[in-house]
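Data block below; observations after.
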Amino acid sequence: MSELRALAMELRHAIIECPDVDLLSLERFPVGSCGDTSVLLGQYLHDNGQGVWTYVSAWDGGSTHAWIEKNGLRIDLTADQFDGVREPVIIASGGGWHDRFTVDPAASHGALIDVREDFARRDLLRAYQRLTAFINRHGRGAPSPL
């Protein structure tokens with residue numbers, strides 16, 4: 001699990017620090033960024049040997065949220081947009097804060113950029129390339145201030 005945490009922290013750090021991501025949904029990260037961030041994280045984990053994850057879409061009253069899951073393990077890079085959540089990266093197996101949401105199984109799919117619609121795929125791919133270039137330039141596994 002330490003490798004998953006390191007990869008998740010790398011991507012989150014890049015989203016915050018990369019000056020040219022140019023993806024509207026990430027402008028106020030983590031607020032309103034959960035959907036695209038989940039896809040970017042799923043792609044990043046896949047590209048780093050962690051297999052295909054599932055994009056999970058859910059709601060709680062008037063709030064919607066998204067994260068990724070695989071074999072009962074949840075990873076969430078944007079939960080800290082909600083009141084009372086302080087962790088910048090949540091990695092948990094079942095239970096906990098996410099159980100307040102009702103999952104929409106019809107909106108779940110592979111957390112990969114290729115699964116997205118054409119118009120979103122292009123923007124996500126461009127942002128992903130910029131984020132991974134940023135990570136590669138600044139050193140993999142570099143200490144994160146998060």
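Chain labels follow the order of the structure tokens: the first chain is A, the next B, and so on; residue numbering restarts at 1 in every chain, and ligands are counted from 1 in their shown order.
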
Next on the checklist: Env of Ala106 of chain A: 10 Å cut, atoms = only C-alpha atoms, seq-sep filter 2 positions within chain, self excluded. Answer as JSON, numbers by chain.
Outcome noted: {"A": [56, 57, 103, 104, 108, 109]}

Next on the checklist: If you run DSSP on the backbone here, which positions in segment 45-142 of chain A get helix (DSSP H, G or I)? Please write them as a PyMOL selection string.
Outcome noted: chain A and resi 45-47+79-81+97-100+105-107+113-115+118-137

Checklist entry - Contacts of segment 2-8 of chain A at 9 Å or less, counting only C-alpha atoms, minus same-chain residues fewer than 6 places along, as an NGL selection string? => result :A and (41 or 44-45 or 48 or 50 or 75-77 or 89-91 or 140-141)

Checklist entry - What lies within 12 Å of Arg100 of chain A using only C-alpha atoms, ignoring chain neighbours under 5 positions off, as a PyMOL selection string? => result chain A and resi 58-61+63-65+94-95
